[in-house]
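Undergrad: I'd like to ask you about the structure that follows.
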Amino acid sequence: MNAFTNGSPTSLPAHEHTGADPAAEVAATPRRRRWARPAVGAAVAAPLVLGGCNMYPSYGASRGATKQGQDTFKLFSGMMTTGVIIGVFVGLLILFTILRYRRRSEEMPKQFHESIPIEILYTGIPVLVVAFLFLFTVLTENNVDATVPVNATVTSTGTPVEHVRVTAFQWGWRFSYPDHNVSIAGDVTNGPGGHGPQMVLPVGETVQVTLVSNDVIHGFYVRDFNFSRYALPGVTNFFDLDILHTGTYAGQCTQICGLYHTEMLFSVKAVTPAAFQTWLSGEVAAGHTLQREPQSEANTPPPYTHVTPSNALAAPSSKKGSL
Amino acid sequence: MTTTIESPELIEPEEPGGPDAHGPGGHGPEDHGPDHAHEHHGPTGILNWITSTDHKVIGKSYMITSLVLFFISGAMALVIRGQLADPTSSLVNFQTYNELFTMHGSLMLYLFAGPFAFGGLANYIVPLQVGAPDMAYPRLNALSYWLYLGGSSMMTFSFVVAGGAASFGWVAYAPLSNSINSPGAGTDMWLLSLGLTGFSAIFTGVNLVATIFYLRAPGMTMFRVPIFSWNMLVTGILILIAFPVLFGAVVMLFCDRHFGTHIYSVSGGGVPVLWQHLFWFFGHPEVYILALPYFGIVTDIIPAFSRKPLFGYRGMVFATLSIAALSTGVWAHHMFTTGVVLLPFFSLLSYLIAVPTGIKFFNWIGTMWGGQLSFQTPMLFSMGFLFAFLMGGVTGVLLASPPVDFMTHDTYFVVAHFHQVLIGTTVFAGFAGFYFWYPKMFGRMLNERLGKLHFWFLFVGFWVTFVPQYLVGLRGMPRRIADYLPTNGWTFLNEMSTVGAMIIGFSFLFFFVNLVTSWRNPVPAGDNPWDGGALEWFTSSPPPHHNFTHLPPIRSERPTWDYNHPEHRKDESHGDKRHREHEQKEPETVGAPS
Ligand code: HEM
Ligand SMILES: [Cu+2]
């Protein structure tokens, strides 16, 4: 694990717990114990059975490559477990009722109408369940939503902060690094494998993303970050990512934005801070700088920007190969 | 307390009469089987249909139209699934794909789910259930249908105009829906259609509210109104809250598109997100406008097939009222990822809706508990609803949590969630209602065997279609995309989902065969084939013009059942003792209007 190679254990204000080893850090998180508390009785057993002794069965979701994504994942997993328990309980209750009370005779059953104690019980218990889910939601949300101040270069505890400006447009992405005079852009014809432009980010630092849109609403979404946020015209959105593991993560626009919404792909490549610096100098050398932003050479302007709906009807069959 | 029922003043004198018109004359509840006699007044044939203000004729027209639209939209869903079965399929091009999911969603939600419930079933059943001769405003009711037909045709035929149909999803987010990004006439037709059908919904809402408040038979206090009608009352109120807002939003978008305003465009100082606020202020109540009628259907069906009264009637009414109240305060849970809404507030209110919804579940189970359940087709479909809505509801609770919504928003996880809820309600509960009330409407039975086959294929296809969608959503597949990469690992799950969709499509063949069989070889239904409890089962099948010749005494929410099972009758006047004096009376005579 090289997630925190560049510093001593720190503690970000936004995220209560940070340590040199993400795994150890996770284990020590009090939130984890808080999650354990609701999992009384069957609630403890079910995830253990389902997830092979794992507190947080994945249910098919990503466990999260960022700190925020891991928090979200744990909330998701805990809520799923609660949901599975409730769903299975109610489902079995229905099934039992169906089987137990199948019509066996023409005898008229007892005509009862209500039972106030039972009704109070099944009003009260759901209230408690949602109160408890809401509590954990707020706790997680405060972590996931917290951002460092816009102009900060280090967090209050000394972790370096990188600023990236993400601009969504029909139909591609621009990633600018204002502190390093680097700016790259592209659409589905660019990038590794022709799968859209690639945003390179360091692990172990706090990356603050500034998200804007040039035209319509787009959705910035990286599955392994367990996170999405709209790029809204006229609104500047901020969010922080603390990437924990190096790797390449696929991303995609999630909000219908017109004809080529399907192909609005991008990817995030998380590298060590040293590799990140090397990459930045390479980009500067290649001339991918802020000054050239409007007509970057390496990244051809998106070929579709001038497509009108009528000629767009001729499907992008030429592009099928690249998909 | 008078015991005779006066014919309501609200029926206008020049009432032309529908195809089911009968002259005056009594039909006792026992001595009459199906009554196919037709005695026409005034125009006949198509003119009769066009000029009819009979709620039963309008209700049937609404049902037939909305079902046709349902099948058209379902066919689009199959094309969508065909396209998605293969990663780089080019069954349809991107533009067509975008039009298809937009029209599929729009037809299903605006033109099928709501109109089928409140224009179709409720229009037909509510006046019968409350013992009224017609809706409160019959001509407004007719206007509602014709606006609906016009609006629906406009939306459906927008496929053939230059530039194609609208292609921005059923939610039409600004600025994608403005004149620069969506210049075609299809978008304008889509907007106009929302205007027309929006007014048709408002008119039906007015009618439902007025009918249930003012045209109840004597003795039917509010707490003796059957739950289906109660839910339609609340639905009517929600329609009156929500649809005017949609209309306002649509008019403003139209102005942005054609009259140079900048209400939703940044360049002129407008705010794109305003559209989302207005739209979802309509859109979330709309979700319950689509759900409450269907809750009402199963709440009427389950007691009949359990041979028991509803468990927790009053709890059910209060649950419905609180769902409706809460539903006006949760709109921004569709906007968690915009970054511009107050998350905890909308999250909390969204969670709270789970409580009354949970109450309903336990009331349904409580009704079956200790009963004598028989699983004829309507009950079978109601059970399908319970299971489908259970999973859809549980995953909905997850989405009330903003961080979980961040991770799943606009992915197939959400698509699976809302289909489980929507198909649970509109298809499982909707067809439960169809099978339940068809004998009342047409005086003939549907075939049980074919009904059950329909159910089982639908039920299996449903899970095969939508469970993989949850999984593929968690693997990161966004909604509204026409293609994906073979390396994404989404292929198998999509193939499965497509197979499931084909099974769903196949299941409806049994439905069609069933309809044809019932027309070719009618099996008479009798007045009350299911031993139902509400007033609609007291009159003949189909009911005579102006519905009733007699009414039983009404001393609970199931007067027909009380009448047919006097040995089990006991005072069930939920809290209201004023009408006890009716209990001694035998069937009362309606002065049959004609
Ligand atoms: C035969 C059963 C059905 C199948 C196989 C099906 C399939 C689908 C699929 C695959 C999508 C996603 C398209 C995309 O995002 O690219 C979709 C969207 C949608 N469906 Fe269905 N559907 C069915 C029935 C229904 C019903 C009964 C309703 C409502 C009553 C409904 C309402 C919607 C809505 C509102 C959307 C969203 C449209 C949008 O993204 O704007 N569907 N459907
Ligand atoms: Cu986009």
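Letters A, B, ... go to the chains of the structure tokens in the order shown; residues in each chain start at 1; ligands are counted from 1 in the same order.
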Counting only C-alpha atoms and all ligand atoms, what residues are within 6 Å of ligand 1, given as a ChimeraX atom specification?
TA: /B:74,77-78,80-81,101-102,105,108-109,113,169-170,419,422-423,426,479-481,501,504
Undergrad: List all protein, DNA and RNA residues that have an atom no more than 8 Å from any atom of ligand 2, counting only C-alpha atoms and all ligand atoms, and report them as JSON, numbers by chain.
TA: {"A": [168, 169, 170, 171, 172, 216, 217, 218, 219, 253, 254, 255, 256, 257, 258, 260, 261, 264]}
Undergrad: Give the strand (DSSP E or B) residues of region 190-247 of chain A, as assigned by DSSP on the backbone, as a ChimeraX atom specification.
TA: /A:198-202,206-213,218-222,227-231,237-243,247
Undergrad: Residues at most 12 Å from Ser106 (chain B), counting only C-alpha atoms, excluding those fewer than 4 positions away in the same chain, as a ChimeraX atom specification?
TA: /B:69-70,72-74,76-77,99-102,110-114,151-152,155-156,165-172,190-191,193-194,197
Undergrad: Determine, counting only C-alpha atoms, which protein, DNA and RNA residues have an atom within 9 Å of an atom of Phe279 (chain B); residues of the same chain fewer than 5 positions away are not included. Present the result as an mmCIF file with N, CA and C atoms, in the first residue's frame.
TA:
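Contents of the output file part.cif:
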```
data_model
loop_
_atom_site.group_PDB
_atom_site.id
_atom_site.type_symbol
_atom_site.label_atom_id
_atom_site.label_comp_id
_atom_site.auth_asym_id
_atom_site.auth_seq_id
_atom_site.Cartn_x
_atom_site.Cartn_y
_atom_site.Cartn_z
ATOM 1 N N VAL B 171 -37.813 13.554 -17.916
ATOM 2 C CA VAL B 171 -37.758 14.687 -16.995
ATOM 3 C C VAL B 171 -37.372 15.995 -17.666
ATOM 4 N N ALA B 172 -36.897 15.947 -18.919
ATOM 5 C CA ALA B 172 -36.687 17.155 -19.722
ATOM 6 C C ALA B 172 -35.873 18.235 -19.030
ATOM 7 N N TYR B 173 -34.743 17.864 -18.445
ATOM 8 C CA TYR B 173 -33.952 18.863 -17.716
ATOM 9 C C TYR B 173 -33.521 20.010 -18.620
ATOM 10 N N VAL B 245 -48.439 22.939 -10.984
ATOM 11 C CA VAL B 245 -47.028 23.330 -10.949
ATOM 12 C C VAL B 245 -46.335 22.865 -12.225
ATOM 13 N N LEU B 246 -46.633 21.634 -12.631
ATOM 14 C CA LEU B 246 -46.049 21.142 -13.883
ATOM 15 C C LEU B 246 -46.465 22.029 -15.037
ATOM 16 N N ALA B 249 -44.461 25.139 -15.060
ATOM 17 C CA ALA B 249 -43.087 24.896 -15.482
ATOM 18 C C ALA B 249 -43.010 24.699 -16.994
ATOM 19 N N VAL B 250 -43.993 23.977 -17.528
ATOM 20 C CA VAL B 250 -44.002 23.684 -18.959
ATOM 21 C C VAL B 250 -44.234 24.967 -19.762
ATOM 22 N N LEU B 274 -33.868 25.619 -11.560
ATOM 23 C CA LEU B 274 -35.262 25.934 -11.249
ATOM 24 C C LEU B 274 -36.206 24.918 -11.890
ATOM 25 N N HIS B 284 -42.525 14.381 -7.547
ATOM 26 C CA HIS B 284 -42.620 13.419 -6.464
ATOM 27 C C HIS B 284 -44.041 13.151 -6.017
ATOM 28 N N TRP B 331 -39.251 16.547 -2.727
ATOM 29 C CA TRP B 331 -38.899 16.565 -4.144
ATOM 30 C C TRP B 331 -37.400 16.579 -4.401
#
```
Undergrad: Provide the CA of His245 (chain A) to CA of Ala65 (chain A) distance in Å, to one decimal place.
TA: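 Taking CA of His245 (chain A) and CA of Ala65 (chain A), their separation equals 5.9 Å.
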Undergrad: Would you kindly return, as a ChimeraX atom specification, each protein, DNA or RNA residue with an atom no farther than 12 Å from any atom of region 529-531 of chain B, considering only C-alpha atoms and excluding same-chain residues fewer than 2 positions away?
TA: /B:30,33-34,300-309,373-379,435-440,443-446,523-527,533-541,558-565
Undergrad: I need the residues from that last selection saved to file as a JSON list (two decimals), in the first residue's frame (with C-alpha atoms), if you can.
TA:
```
[["chain", "number", "residue", "atom", "x", "y", "z"],
["B", 30, "GLU", "CA", -79.83, -11.65, -5.79],
["B", 33, "GLY", "CA", -77.53, -12.40, -13.19],
["B", 34, "PRO", "CA", -75.60, -10.50, -15.84],
["B", 300, "ASP", "CA", -59.80, -3.76, -1.80],
["B", 301, "ILE", "CA", -58.76, -7.08, -3.30],
["B", 302, "ILE", "CA", -56.99, -8.68, -0.36],
["B", 303, "PRO", "CA", -60.00, -8.57, 2.04],
["B", 304, "ALA", "CA", -62.30, -10.05, -0.60],
["B", 305, "PHE", "CA", -60.03, -13.03, -1.18],
["B", 306, "SER", "CA", -59.28, -13.43, 2.52],
["B", 307, "ARG", "CA", -62.96, -13.35, 3.50],
["B", 308, "LYS", "CA", -62.11, -10.83, 6.15],
["B", 309, "PRO", "CA", -62.44, -7.10, 6.64],
["B", 373, "LEU", "CA", -57.16, -17.08, 1.32],
["B", 374, "SER", "CA", -58.00, -18.12, -2.19],
["B", 375, "PHE", "CA", -55.64, -17.28, -4.97],
["B", 376, "GLN", "CA", -57.71, -16.41, -7.95],
["B", 377, "THR", "CA", -56.04, -14.20, -10.52],
["B", 378, "PRO", "CA", -56.69, -10.82, -8.86],
["B", 379, "MET", "CA", -55.30, -12.07, -5.55],
["B", 435, "TYR", "CA", -58.98, -8.90, -13.44],
["B", 436, "PHE", "CA", -60.96, -7.96, -10.34],
["B", 437, "TRP", "CA", -63.32, -5.44, -11.90],
["B", 438, "TYR", "CA", -63.52, -6.75, -15.45],
["B", 439, "PRO", "CA", -66.50, -8.99, -14.54],
["B", 440, "LYS", "CA", -68.26, -5.94, -13.11],
["B", 443, "GLY", "CA", -70.62, -8.86, -17.05],
["B", 444, "ARG", "CA", -68.37, -11.75, -18.02],
["B", 445, "MET", "CA", -65.52, -13.59, -16.41],
["B", 446, "LEU", "CA", -61.95, -13.86, -17.54],
["B", 523, "VAL", "CA", -69.02, -16.78, -19.08],
["B", 524, "PRO", "CA", -71.59, -14.73, -17.17],
["B", 525, "ALA", "CA", -70.16, -13.12, -14.09],
["B", 526, "GLY", "CA", -73.16, -12.43, -11.91],
["B", 527, "ASP", "CA", -73.34, -9.42, -9.69],
["B", 533, "GLY", "CA", -67.71, -6.08, 0.05],
["B", 534, "ALA", "CA", -68.08, -2.62, -1.44],
["B", 535, "LEU", "CA", -71.15, -1.16, -3.11],
["B", 536, "GLU", "CA", -70.04, -1.84, -6.68],
["B", 537, "TRP", "CA", -70.74, -5.52, -6.03],
["B", 538, "PHE", "CA", -74.32, -4.79, -5.07],
["B", 539, "THR", "CA", -75.48, -3.63, -8.45],
["B", 540, "SER", "CA", -75.69, -5.64, -11.64],
["B", 541, "SER", "CA", -72.75, -6.40, -13.93],
["B", 558, "ARG", "CA", -68.32, -3.19, 3.09],
["B", 559, "PRO", "CA", -72.09, -2.81, 2.93],
["B", 560, "THR", "CA", -72.53, -5.51, 0.30],
["B", 561, "TRP", "CA", -70.72, -8.03, 2.42],
["B", 562, "ASP", "CA", -72.79, -7.08, 5.47],
["B", 563, "TYR", "CA", -75.92, -7.53, 3.40],
["B", 564, "ASN", "CA", -74.89, -10.92, 2.08],
["B", 565, "HIS", "CA", -73.58, -12.22, 5.39]]
```
Undergrad: Which residue out of A:Met108, A:Ala250, A:Val212, A:Ala270 has the minimum interatomic distance to Gly193 (chain A) when only C-alpha atoms are used?
TA: A:Ala250
Undergrad: Could you check how far CA of Ala85 (chain B) sits from CA of Thr491 (chain B), in Å to one decimal?
TA: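 Taking CA of Ala85 (chain B) and CA of Thr491 (chain B), their separation equals 7.1 Å.
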Undergrad: Would you mind writing down, as a VMD selection string, each residue of region 31-273 of chain A that DSSP on the backbone assigns to alpha helix (DSSP H)?
TA: chain A and resid 31 to 36 42 to 50 67 to 100 116 to 145 273
Undergrad: Pick out the closest residue to Val130 (chain B) from this set: B:Pro403, B:Gly195, B:Gly186, B:Pro226. Count only C-alpha atoms.
TA: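 The shortest atom-to-atom distance to Val130 (chain B) comes from B:Pro226.
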